Amino acid sequence: MPEPAVAILGDRFPRAARLRRRGEFDRCYRQGRRLHAGAFTLHALPGAGPVARLGTTVTRRVGGAVTRQRLKRWTREVFRRSPSRAALAGCDLVVHFRPDAARLVFAELQRELERLLAEAARRRRTP
RNA sequence: GGAGGCCCCCGGGCGUUCGCUCCUCCGUCGUGACGGAGGGGAGGAAAGUCCGAGCUCCGACGGGCAGCAGGCUCGCUAACGGCGAGGCGCGAUGACGCGACGGAAAGUGCAACAGAGAGCAGACCGCUCGUCCCUCCGGGCGAGCAAGGGUGAAAGGGUGCGGUAAGAGCGCACCGCCCGGCCGGCAACGGUCCGGGGCACGGCAAACCCCCUGCGGAGCAAGACCAAAUAGGGGAGCGGAUCGAGGGUCGCCCGUCCCGAGGUCCCGGACCCGCGAGGGCCGGGCGCCGUUCCCGGGUAGGUCGCUGGAGGGUACCGGCAACGGUAUCCGGAGAGGAAUGAACGUCCCCUCGCGAGAGGGACAGAACUCGGCUUACGGGUGCCUCCGCCC
RNA sequence: GCCCCCAUCGUCUAGCCAGGCCUAGGACACUGCCCUUUCAAGGCAGCGACACGGGUUCGAAUCCCGUUGGGGGUA
C-alpha cells in the first residue's frame, strides 16, 4: 500500500507527521530556513516525504512544565488545522519558543504561526 | 457578629465537534501498518528530591577502624528522621501549638566588651572593729565581712526571723535542690507519707568529644535480551589430589569462601632404549569435530524491564489511637522530542454594570513503583476557644 | 530523569572549616575635592554587600533546618 496522502490525512496528526529523532531536529536547525515571529522561530526544511512533519522545542527558561506543554499542544493544534499544511508536504518544521513566549495566548499564537506557515509555503513554491 | 484553633472532605459537572495515546475485538494488505467498533487515559500535592523501602547490577560474607545518620518513653510499621499515645520543657487569655528532648559530678576547649572578679572566683564603691592623724568634714594602717550598690548574657540558692562588732546556711521555718527508700506507672516520669544532706554540682555538646542504635555501593540513563556490519576472525579451557606466589569487590585493614601462574605426586603416551621387570624422554599436547568461556562489543537502534501493588472501597471484630485481622466488592494512565488539547453551549461561584451583557475561577503535568516529610494553592462541612452584643 | 556544588558592594574576591577583634577588608568601577592650561596618571574623602525565612547561642556572614535562584556532571 502506498503512503497515505495528505488529503487522506485530513485534520489528523499521527506519528508519521511528527519529528521524533534528535538528528531530524538538528538537520532542521542547521539547514532549515528561519522565519521569526515575536516569541518563537520556525525552522523549515523542504524534503521529499509525503506529509509535512512538525517538531516543537521549548526552553526551560520559558516556564514550568505546564506552560511548556501548553505551548506545544497549542502549536500542534494550529498546525493540525492549518490551511498551509498541504502545501508544505514533505517539509520538516521545528517551532522553537523563546523565554518571553510564556505571555502568549492561544489566539495570538494561532495568528502568528499561521502567518509563518503561509510564508514558508509561499517561499517553497517560489524559491 | 468578630478574631482564631483542630480534624476531615472536594479539586468543577453535563453535552456537541475536530484531534492524540494505550488495550480488546473484527476486516484488508500482510506481520506492521491501515480502516471500523467498544473501553481506559494526570495530582493532592504528580513538585522539591529531604528521609525510608521494594526492585536490578556490582561474586557471597564476617570482624575491627574511620565516616555518616539518628537520639525522652512505650507502641505501630516492610522500613523510616514517619505516625499514634504518654512524659517533661517552652509559648498563647484560651482552643491549642512548638521542641536536634542522651551525657557538662570522663577529658579538651570557648565566653568579645564591661567589670575588682568569668571558674574549685573575687573586693571597686561599701559595712564593722581596733589604732593613728585631724578643730570639724574626713583620711591612713591592721583585722574581719560580702548584706547593699555597681558591671555583665551569666557573679557559687530565694524569702523571713534569729544571730552578730558587722556579717555569712552560722542557726531555724517555708519554698527550691541533691541522695536514698516507699508508692503509682511496662517505661519516660510523677507523688512527697519517710529518712539523710546546709547546698556541693554555673553555661555552651546545631564546639571537639563520650555513650547507645543503625548504615556496603550504585541507581530503571539500574539491568536483561535481539537482528545486522567490521567478521566464515582471534584466544583460552574441557582427569584427580596436594602445596601455593598472587589476584579479586563495597573508604581503609584483617579473615573465610572464590579465582588462580606454577610446583610435586598421581596419571597418560601410538615416541626412544631394553627379551623383560623397568628406565629415559615427552606431554598435560597438534589438526578436525563437539562443547563452555573470553576478546571483538555493548555504542546508535529495537524489544523487555513497565505496571496487580506493603492496592483501594465497605462492613464487622481487637485496640484510647496509629494500626491490625476477617469477609466481600472494585480493577484505577503507561508515553518515549514524550499522549489529557482546542472550540462552543449550559449549569455553579466571584467581580463590574440599572440592564442586555462582559471578565474571571488557584497551585500546578505522571516517566520504575510504593510509605512519609516539606513546600505551593482554591474552596467547603463539623467540632472547639476567646472577645463583644442581645434574650 | 538521576547525582553533586555554589550564593558576600555595580564586577572580581577575602573573611566561614575552629562564632565576638566585622560598624564586613581589598582591587576595579562610580561621585566629589586637590594637583594640571586641560585630560590621563596620582593623592584625599565618599557611596556601596553577607540571597530569603526560621532556629541554636549572651552573641550568627560564620553552626543547623527550610525556601529561592544559579552552576556542573552523567547516555
# chains A, B, ... in the order shown; residues from 1 in each chain; ligands from 1

$ residues_around --residues "range 10-14 of chain C" --least-positions-apart "2" --cutoff "10 Å" --atoms "only C-alpha atoms (C1' of nucleotides)" --output "short mmCIF file (atom, residue, chain, number, x, y, z; two decimals) with C-alpha atoms (C1' of nucleotides), in the first residue's frame"
data_model
loop_
_atom_site.label_atom_id
_atom_site.label_comp_id
_atom_site.auth_asym_id
_atom_site.auth_seq_id
_atom_site.Cartn_x
_atom_site.Cartn_y
_atom_site.Cartn_z
"C1'" U C 8 29.32 38.44 50.37
"C1'" A C 24 32.43 43.02 56.96
"C1'" G C 25 38.51 44.19 54.32
"C1'" G C 26 40.83 44.79 49.24
"C1'" A C 27 41.04 45.74 43.81
"C1'" C C 28 38.47 47.82 39.56
"C1'" A C 29 34.21 50.94 38.64
"C1'" C C 30 31.10 55.35 40.34
"C1'" G C 48 28.02 50.73 48.19
#

$ residues_around --residues "range 71-79 of chain B" --least-positions-apart "3" --cutoff "10 Å" --atoms "only C-alpha atoms (C1' of nucleotides)" --output "ChimeraX atom specification"
/B:52-54,82-88,100-102,186-189,212-213,310,321-324,371

$ closest_residue --among "B:C65, B:A343, B:C289, B:A143" --to "chain A" --atoms "only C-alpha atoms (C1' of nucleotides)"
B:A343

$ interface_residues --of "chain B" --to "chain A" --cutoff "8 Å" --atoms "only C-alpha atoms (C1' of nucleotides)" --output "number ranges by chain"
B: 18-20, 29, 337, 341-342, 364-365

$ residues_around --residues "range 58-69 of chain C" --least-positions-apart "4" --cutoff "10 Å" --atoms "only C-alpha atoms (C1' of nucleotides)" --output "MDAnalysis selection string"
(chainID B and resid 48 50 100 111:112 152:154 203 206:207 374:375) or (chainID C and resid 7:8 15:17 19:20 22 24 50:54)
